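What follows is work_31.cif (mmCIF, C-alpha atoms).
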data_query
#
loop_
_atom_site.label_atom_id
_atom_site.label_comp_id
_atom_site.auth_asym_id
_atom_site.auth_seq_id
_atom_site.Cartn_x
_atom_site.Cartn_y
_atom_site.Cartn_z
CA MET A 1348 48.80 -2.87 6.01
CA GLN A 1349 46.24 -2.17 3.29
CA LYS A 1350 43.73 -4.51 4.94
CA ILE A 1351 44.15 -2.77 8.30
CA ALA A 1352 43.76 0.65 6.67
CA SER A 1353 40.58 -0.57 4.95
CA PHE A 1354 39.39 -1.84 8.33
CA GLY A 1355 39.93 1.65 9.80
CA THR A 1356 38.04 3.28 6.95
CA GLU A 1357 35.16 0.84 7.24
CA GLN A 1358 34.89 1.14 11.03
CA CYS A 1359 34.50 4.91 10.71
CA ARG A 1360 32.05 4.69 7.81
CA LEU A 1361 29.85 2.21 9.73
CA ARG A 1362 29.00 4.88 12.27
CA SER A 1363 25.68 6.51 11.38
CA THR A 1364 26.98 9.98 12.24
CA VAL A 1365 29.93 9.80 9.80
CA HIS A 1366 29.57 11.44 6.40
CA SER A 1367 32.82 10.09 4.96
CA ALA A 1368 36.15 8.62 6.04
CA ILE A 1369 39.44 7.43 4.59
CA CYS A 1370 42.41 5.75 6.24
CA THR A 1371 45.84 4.90 4.88
CA ILE A 1372 48.96 3.41 6.46
CA GLN A 1373 52.46 3.98 5.17
CA GLY A 1374 56.05 3.77 6.27
CA THR A 1375 58.20 1.02 7.68
CA PRO A 1376 57.70 -1.08 10.82
CA GLU A 1377 60.20 1.23 12.55
CA LYS A 1378 58.22 4.35 11.57
CA LEU A 1379 54.62 3.44 10.78
CA ILE A 1380 52.37 6.37 9.80
CA VAL A 1381 48.58 6.34 9.89
CA ASN A 1382 46.59 8.99 8.00
CA LEU A 1383 42.91 9.16 8.87
CA ALA A 1384 40.36 11.75 7.78
CA CYS A 1385 36.85 11.56 9.20
CA THR A 1386 34.01 13.93 8.30
CA ALA A 1387 31.03 14.08 10.62
CA LYS A 1388 27.49 14.79 9.47
CA SER A 1389 27.15 17.50 12.11
CA GLU A 1390 29.40 19.42 14.46
CA GLU A 1391 27.94 17.82 17.57
CA HIS A 1392 29.46 14.45 16.59
CA VAL A 1393 33.07 15.54 15.99
CA THR A 1394 34.21 15.00 19.61
CA GLU A 1395 32.56 11.59 19.64
CA HIS A 1396 34.48 10.60 16.48
CA MET A 1397 37.76 11.91 17.87
CA ASN A 1398 37.30 9.83 21.03
CA PHE A 1399 36.34 6.74 19.05
CA VAL A 1400 39.36 7.00 16.77
CA ASN A 1401 41.88 7.75 19.55
CA ASP A 1402 40.54 5.48 22.27
CA THR A 1403 39.17 2.51 20.31
CA LEU A 1404 39.98 2.34 16.61
CA LEU A 1405 43.70 3.15 16.56
CA PRO A 1406 44.51 0.80 19.48
CA GLN A 1407 42.58 -1.97 17.65
CA MET A 1408 44.53 -1.31 14.45
CA GLU A 1409 47.84 -1.31 16.34
CA GLN A 1410 46.91 -4.57 18.01
CA LEU A 1411 46.06 -6.16 14.66
CA LEU A 1412 49.36 -4.95 13.18
CA GLY A 1413 51.38 -5.83 16.27
CA ILE A 1414 53.12 -2.44 15.98
CA GLN A 1415 52.34 1.00 17.36
CA PHE A 1416 52.00 3.94 14.99
CA GLU A 1417 54.95 6.31 15.17
CA VAL A 1418 52.96 9.16 13.59
CA ARG A 1419 49.20 9.72 13.70
CA ASN A 1420 47.93 12.22 11.12
CA LEU A 1421 44.30 12.67 12.08
CA GLN A 1422 41.85 15.11 10.52
CA PHE A 1423 38.30 15.70 11.64
CA ALA A 1424 35.79 17.94 9.86
CA VAL A 1425 32.08 18.65 9.50
CA ALA A 1426 30.31 18.03 6.19
CA GLY A 1427 28.94 21.09 4.44
CA ARG A 1428 30.97 23.62 6.42
CA GLU A 1429 32.90 24.93 3.45
CA ASN A 1430 33.05 28.70 3.49
CA LEU A 1431 32.37 29.48 -0.16
CA LEU A 1432 30.84 32.59 -1.68
CA ALA A 1433 27.37 31.99 -3.06
CA GLN A 1434 28.29 34.03 -6.14
CA PRO A 1435 31.86 35.08 -6.96
CA GLU A 1436 32.30 38.82 -6.82
CA HIS A 1437 34.02 40.71 -9.64
CA LEU A 1438 34.32 37.60 -11.78
CA HIS A 1439 34.37 39.76 -14.91
CA ASP A 1440 37.15 42.00 -13.57
CA GLY A 1441 40.28 40.23 -14.83
CA GLN A 1442 42.61 43.10 -13.92
CA ARG A 1443 41.91 42.80 -10.22
CA ALA A 1444 42.81 39.12 -10.28
CA THR A 1445 46.32 39.81 -11.60
CA ASP A 1446 47.19 43.10 -9.81
CA TRP A 1447 48.99 41.21 -7.07
CA LEU A 1448 51.52 39.84 -9.59
CA ALA A 1449 53.05 43.29 -10.11
CA ASN A 1450 53.51 43.84 -6.35
CA PRO A 1451 53.25 40.48 -4.57
CA PHE A 1452 54.41 41.85 -1.20
CA ILE A 1453 51.90 44.68 -0.94
CA ALA A 1454 49.20 44.04 1.67
CA PRO A 1455 45.75 43.69 0.05
CA THR A 1456 42.79 45.63 1.38
CA LEU A 1457 39.18 44.58 1.43
CA THR A 1458 36.53 47.24 0.98
CA PRO A 1459 32.78 46.58 0.81
CA ALA A 1460 32.32 48.59 -2.39
CA GLN A 1461 35.39 47.46 -4.31
CA GLY A 1462 36.15 44.00 -2.96
CA LEU A 1463 39.75 42.82 -2.63
CA ARG A 1464 42.25 45.24 -4.14
CA VAL A 1465 45.97 45.91 -3.89
CA GLU A 1466 47.21 49.33 -2.84
CA THR A 1467 50.18 49.94 -5.14
CA GLY A 1468 51.30 53.24 -3.62
CA GLY A 1469 51.79 52.02 -0.06
CA ALA A 1470 54.64 50.46 1.85
CA HIS A 1471 55.41 46.77 1.66
CA ALA A 1472 53.51 44.43 3.95
CA ASP A 1473 55.23 43.19 7.09
CA LEU A 1474 55.62 39.45 6.47
CA SER A 1475 57.58 38.74 9.65
CA MET A 1476 56.37 36.19 12.17
CA ALA A 1477 56.67 38.62 15.09
#
Mind turning the file's structure into structure tokens?
Amino acid sequence: MQKIASFGTEQCRLRSTVHSAICTIQGTPEKLIVNLACTAKSEEHVTEHMNFVNDTLLPQMEQLLGIQFEVRNLQFAVAGRENLLAQPEHLHDGQRATDWLANPFIAPTLTPAQGLRVETGGAHADLSMA
């Protein structure tokens, strides 16, 4: 199984539009699980990678194993699309970082001038899934 997983990783990485990829296989022959994460260099290539993996690569891997995957955990992303702040705001303000511990179920508010803060005098946040 390790050789087939390495094959899957390598087949993704050989594509010039792939930034990175990793594939693992686990489970038993009755419930074989494939985990594959593929990161494209740009957003325009994600659909192409999804089609390649679903239509070509996974069927090849199943054929080599002689068993179909029971579960396919597939993840596709675009390199460099992390949504990080350029500079953390209020890094020096340690109190703000721990305010939520006193009232963990209070809904936080975000204001442009003050950043994220917890309103301690308000009602509890509605955490229902309604």
**Prompt:** From the list A:Asn1382, A:Asn1398, A:Thr1403, A:Thr1375, which residue is nearest A:Gln1358 when using all atoms listed in the file?
**Reply:**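 Closest to A:Gln1358, using all atoms listed in the file: A:Thr1403.
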**Request:** May I ask which of the residues A:Arg1428, A:Arg1362, A:Lys1378, A:Arg1419 is the closest one to A:Phe1399, counting only C-alpha atoms?
**Result:**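 Closest residue, counting only C-alpha atoms: A:Arg1362.
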**Request:** Kindly give the distance, in Å, that separates atom CA of A:Arg1360 and atom CA of A:Glu1417, rounded to a single decimal.
**Result:**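 Straight-line distance from atom CA of A:Arg1360 to atom CA of A:Glu1417 works out to 24.1 Å.
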**Selected residue, from A:Met1348, A:Met1397, A:Leu1405, A:Cys1359, that lies nearest to A:Gly1374 when counting all atoms listed in the file** =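 When distances to A:Gly1374 are compared using all atoms listed in the file, the smallest one comes from A:Met1348.
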**Prompt:** atom CA of A:Pro1376 to atom CA of A:Phe1423: how many Å, to one decimal?
**Reply:**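 Spanning atom CA of A:Pro1376 to atom CA of A:Phe1423 is a straight-line distance of 25.7 Å.
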**Asked** What does the distance from atom CA of A:Gln1349 to atom CA of A:Ile1372 come to in Å, to one decimal?
**Response**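 Separation of atom CA of A:Gln1349 and atom CA of A:Ile1372: 7.0 Å.
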**Message:** Which residues, named as in the file, does the PyMOL selection byres ((chain A and resi 1385) around 6) pick out? Answer as a ChimeraX atom specification.
**Reply:** /A:1368,1384,1386,1423
**Request:** Choose the residue, out of A:Leu1379, A:Leu1421, A:Val1365, A:Ala1426, that has the smallest atom-to-atom separation from A:Val1400; count all atoms listed in the file.
**Result:**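 Among the listed residues, the smallest separation from A:Val1400 belongs to A:Leu1421.
Ranking A:Gln1407, A:Glu1395, A:Ala1387, A:Ala1352 by their shortest atom-to-atom distance to A:Cys1370, with only C-alpha atoms included, puts A:Ala1352 first.
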